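Okay, so here's the structure we're looking at.
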Amino acid sequence: MRSYADIIIDISTESLDHTFQYLIPGELQGAVSLGSLVTVPFGRGNSIRTGYVVGITDEPSIDPSAVKSIIDIRDDNKNRPVAKLMQLAVWMKHYYGGTLIQSLKVVLPQKSAVRPVVKETVKLIAPFDVASSKLEEFTRKHHTARQRLLEALMRAESMDKRLITQKLGVTSSVIKAFEKDGLVRIDIESSYRNPLVIDRDDDGAGRLFGRKITEHTTDQKRVIESVLRRYDEKDLRPSLIHGVTGSGKTEVYIDIIDGVVQRGHQAIMLIPEIALTYQTVVRFTARFKDRVSFIHSKLSTGERYDQFLRAERGEIDVMIGPRSALFTPFPSLGIIVMDEEHETSYKSEQMPKYHARECAEKLAAISDAAFVMGSATPSVESYSRAKEGTYMLYEMPERITGGELPVVYTVDLRQELASGNKSMFSEKLMHLMADRLKRKEQIMLFLNRRGYASFVTCRKCGFVYKCPHCDVSLSLHKDGRLHCHYCGHEEEMKGVCPECGSKYIGGMRAGTEQVENMVHRAFPDARTIRMDLDTVKHKGDYEKVLSAFANEEADILVGTQMIVKGHDFPKVTLMGILAADMSLYAGDYRAAERTFELLTQAAGRTGRACGPGRTGRATTDHTSFGEVVIQTYSPDNYAVIAASRQDYKKFYEEEIGYRKIGGYPPSGHMLMITIEDKDEKRADRTASDIADLCRTFAEKTDLLMQIIGPADAQISKINDVYKKAVYAKCESHETLSLLKDAVEGDRADKQDFRSRVEYDFDP
Ligand code: ADP
Ligand code: ZN
Ligand code: ZN
């Protein structure tokens, strides 16, 4: 029997994005498999090109006499994990759209010229007493960077220089000074580009960052045992762990992964980029020693490739990293764990706009691997799947320390205004801030600016302009009119509130800088530190700000959502959430969910040290309760109420009702097709062509499909490129994928690629 291979030539050339069929010659039968890299004659001149095998079949799709033969095999990929990733890429192309090449580039390790690089290890050589007296001196003189480095080295003995500069935020000049003083030696070796530190304090548990874990809690045991038992029974239904922050989820992940590794398989641990802290790496290293590696966006292509190579060669068992770590080519992948599964950073913003959760589920199915997700505030999609039984649900409702939940006060900003307070801080917040400053406890002020859209609200009655068709907030455009991002509905903005007639109506505008100024005016002696996109522009800035705050170099940390993501500051006993509403009216269907998440996470940042020795750091004799002040114009909104009670289930029940009514995920799916063009007329023409095609398609399908648009996209013009959008809503993702195929097919038939067309599912 003759067999044929579908081959994609040279993935660096976008214009060749279709497969060509070649005969697999007798001598290569059996050697050529999915993912093989082969050489073939190509084009009229039969120039020799390389290509990947993406499919194998017995049925030629073109005249067999015209089929050319594969010349040779360059890399047989036999039993190589690349084949599974290839399968994933083929699925991604269909599911999300774009070219196969785009998908392949995402999943295949991108090789760059692999040159061995130099690894610099900083090793502490000074005797213990010398080091300790130096440490004392640095502490006394407030040389915080030196102090930080020496402390870390006294714990770890030796560290990768890169880790010191990137994670500890200590500059090379400080390291050089240490070397000159004879404190450290810098060892240079050329090896893999391995960014890992091996910690000497390897008691396998959180001795560094918590008390020693002697025994798992009942909840932890229950989850670990169940997941591993199901793994052995080949019940590979995905698992969702709904556990409050501090319930010991990370410990559970580590143990489940350990179990799977002991069974001879490998693990991928996905975490949102921002949560990839030094702590996480240390906790995993403590258990898996040098069998663990991590990748993150700051690594070079070469470093990344090296880590993938080590995985493929079986030199490591665990890969930690953000969404791209999913494509680690392990020989026998056994489990994928995804922490904070609700995080938006799991979705890619470039074509293919894939969601790591969906891809992980697919890859786990392809690989017979387990898939475990965890979150304190699961996405509505995942939780509903868990409730239906598609996912196995585990609840971990208790904090390990039994630490008290914070006390939450909701302040109605409309009443503040009524009583004459026009400032950003409510009276309640002012009063509590003064109290904490007096007690020398720390405060965080969170300015919720996520999805900062220019929605319009009335400060007197809380009225918000909404689209009469789409149930999302309208935004104020430069033309002074209010627009809906989904359907293009427009209306005039009146000078007074249509509800109560007040003149306090307008867009909400406030920045962290203004908040900081306000603090200085109200509390001239308070030391503040600010964290937002302006203050953390460079590598290491983020860690610098956080460690400065942890070292108590400031009393108040003012920041955007960056400050609410999973950092432990035991001295923080007050969290002020200014304008909780900003994300509530972000103008898309996920706005309430994001608001609930942010408020819950922010509230969870405080009062965490109450409870015995949770962080191992000494707290003051007097430990205040954690208190949270939520300032809002919408105190009656269900997301705000549920967050103030830290009640996920209550939120979910309300939210799922709205999603059902609106046909939004998980009740239905939405496809956003964006059209970008420098020429606005052409953009409009393409957009209305596409909308017409969608409407024709919608009439022909059996399922109910709603087409909305074309309208200006949320950001309608960037760098002089006009952006239009067409939306399609349907209960079935597959039907939307077929619609996308139809649109792509039509563009290809017309050979019209001047406007850039992109697809985004469940945006
Ligand atoms: P989560 O990931 O749910 O936020 P972690 O796994 O980080 O929770 O646990 C929170 C803290 O409790 C950590 O400092 C951890 O070391 C500690 N911890 C976890 N499990 C136990 C246990 N069984 N006994 C004692 N401390 C524990
Ligand atoms: Zn009003
Ligand atoms: Zn609308």
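Residue numbering restarts at 1 for every chain of the structure tokens, chains are lettered A, B, ... in their displayed order, and ligands are numbered from 1 as they appear.
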(request) Could you please extract the residues within 6 Å of ligand 3, counting only C-alpha atoms and all ligand atoms, and hand them back as a VMD selection string? (result) chain A and resid 467 469 to 470 484 486 to 487 489
(message) Residues of range 211-427 of chain A classed as helix (DSSP H, G or I) by DSSP on the backbone are to be reported as a ChimeraX atom specification.
(response) /A:218-232,249-262,273-275,278-291,301-312,323-327,344-346,356-367,380-388,413-418,427
(request) Find the residues around range 685-698 of chain A up to 10 Å (only C-alpha atoms counted), leave out those fewer than 2 positions away in its own chain, and share them as a ChimeraX atom specification. (result) /A:673-677,680-683,700-712,723-730,735-736,738-740,742-744,746-747,752,754-757
(message) Taking 5 positions as the minimum chain separation for residues in the same chain, which residues sit within 8 Å of range 631-642 of chain A when counting only C-alpha atoms? Answer as a PyMOL selection string.
(response) chain A and resi 410-414+426+459+461-462+576-581+592-593+595-596+599+647-648+650-651+654
Export of the given selection (C-alpha atoms) as a PDB file, in the first residue's frame:
ATOM      1  CA  THR A 410     -18.967  49.148  51.672  1.00  0.00           C
ATOM      2  CA  VAL A 411     -19.152  52.911  51.362  1.00  0.00           C
ATOM      3  CA  ASP A 412     -21.785  54.476  49.147  1.00  0.00           C
ATOM      4  CA  LEU A 413     -20.027  57.320  47.335  1.00  0.00           C
ATOM      5  CA  ARG A 414     -23.359  58.924  46.446  1.00  0.00           C
ATOM      6  CA  SER A 426     -14.541  58.500  52.163  1.00  0.00           C
ATOM      7  CA  ARG A 459     -21.955  60.800  41.086  1.00  0.00           C
ATOM      8  CA  CYS A 461     -27.410  58.766  41.969  1.00  0.00           C
ATOM      9  CA  GLY A 462     -25.032  56.243  40.406  1.00  0.00           C
ATOM     10  CA  GLY A 576      -8.865  50.757  50.445  1.00  0.00           C
ATOM     11  CA  ILE A 577     -10.581  50.056  47.145  1.00  0.00           C
ATOM     12  CA  LEU A 578     -11.237  53.374  45.431  1.00  0.00           C
ATOM     13  CA  ALA A 579     -13.965  53.389  42.808  1.00  0.00           C
ATOM     14  CA  ALA A 580     -14.830  49.731  42.655  1.00  0.00           C
ATOM     15  CA  ASP A 581     -17.071  50.564  39.700  1.00  0.00           C
ATOM     16  CA  ALA A 592     -19.048  41.892  36.502  1.00  0.00           C
ATOM     17  CA  GLU A 593     -16.852  38.796  36.715  1.00  0.00           C
ATOM     18  CA  THR A 595     -14.978  43.201  39.234  1.00  0.00           C
ATOM     19  CA  PHE A 596     -15.913  40.375  41.545  1.00  0.00           C
ATOM     20  CA  LEU A 599     -12.551  43.009  44.721  1.00  0.00           C
ATOM     21  CA  ASP A 647     -19.233  34.732  48.560  1.00  0.00           C
ATOM     22  CA  TYR A 648     -18.306  33.182  45.233  1.00  0.00           C
ATOM     23  CA  LYS A 650     -23.753  33.865  45.387  1.00  0.00           C
ATOM     24  CA  PHE A 651     -21.958  35.750  42.655  1.00  0.00           C
ATOM     25  CA  GLU A 654     -26.541  35.679  39.733  1.00  0.00           C
TER      26      GLU A 654
END
(message) For range 511-525 of chain A, find every residue with an atom within 10 Å (counting only C-alpha atoms), except residues of its own chain fewer than 4 positions away, and show them as a ChimeraX atom specification.
(response) /A:423-425,430,433-434,437,445-449,529-532,534,555-560,578
(message) Under the rule that only C-alpha atoms are counted, which of A:Gly668, A:Gly488, A:Gly662, A:Pro406 is the nearest residue to Gln646 in chain A?
(response)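 Checking each candidate against Gln646 in chain A, we get A:Pro406 as the closest.
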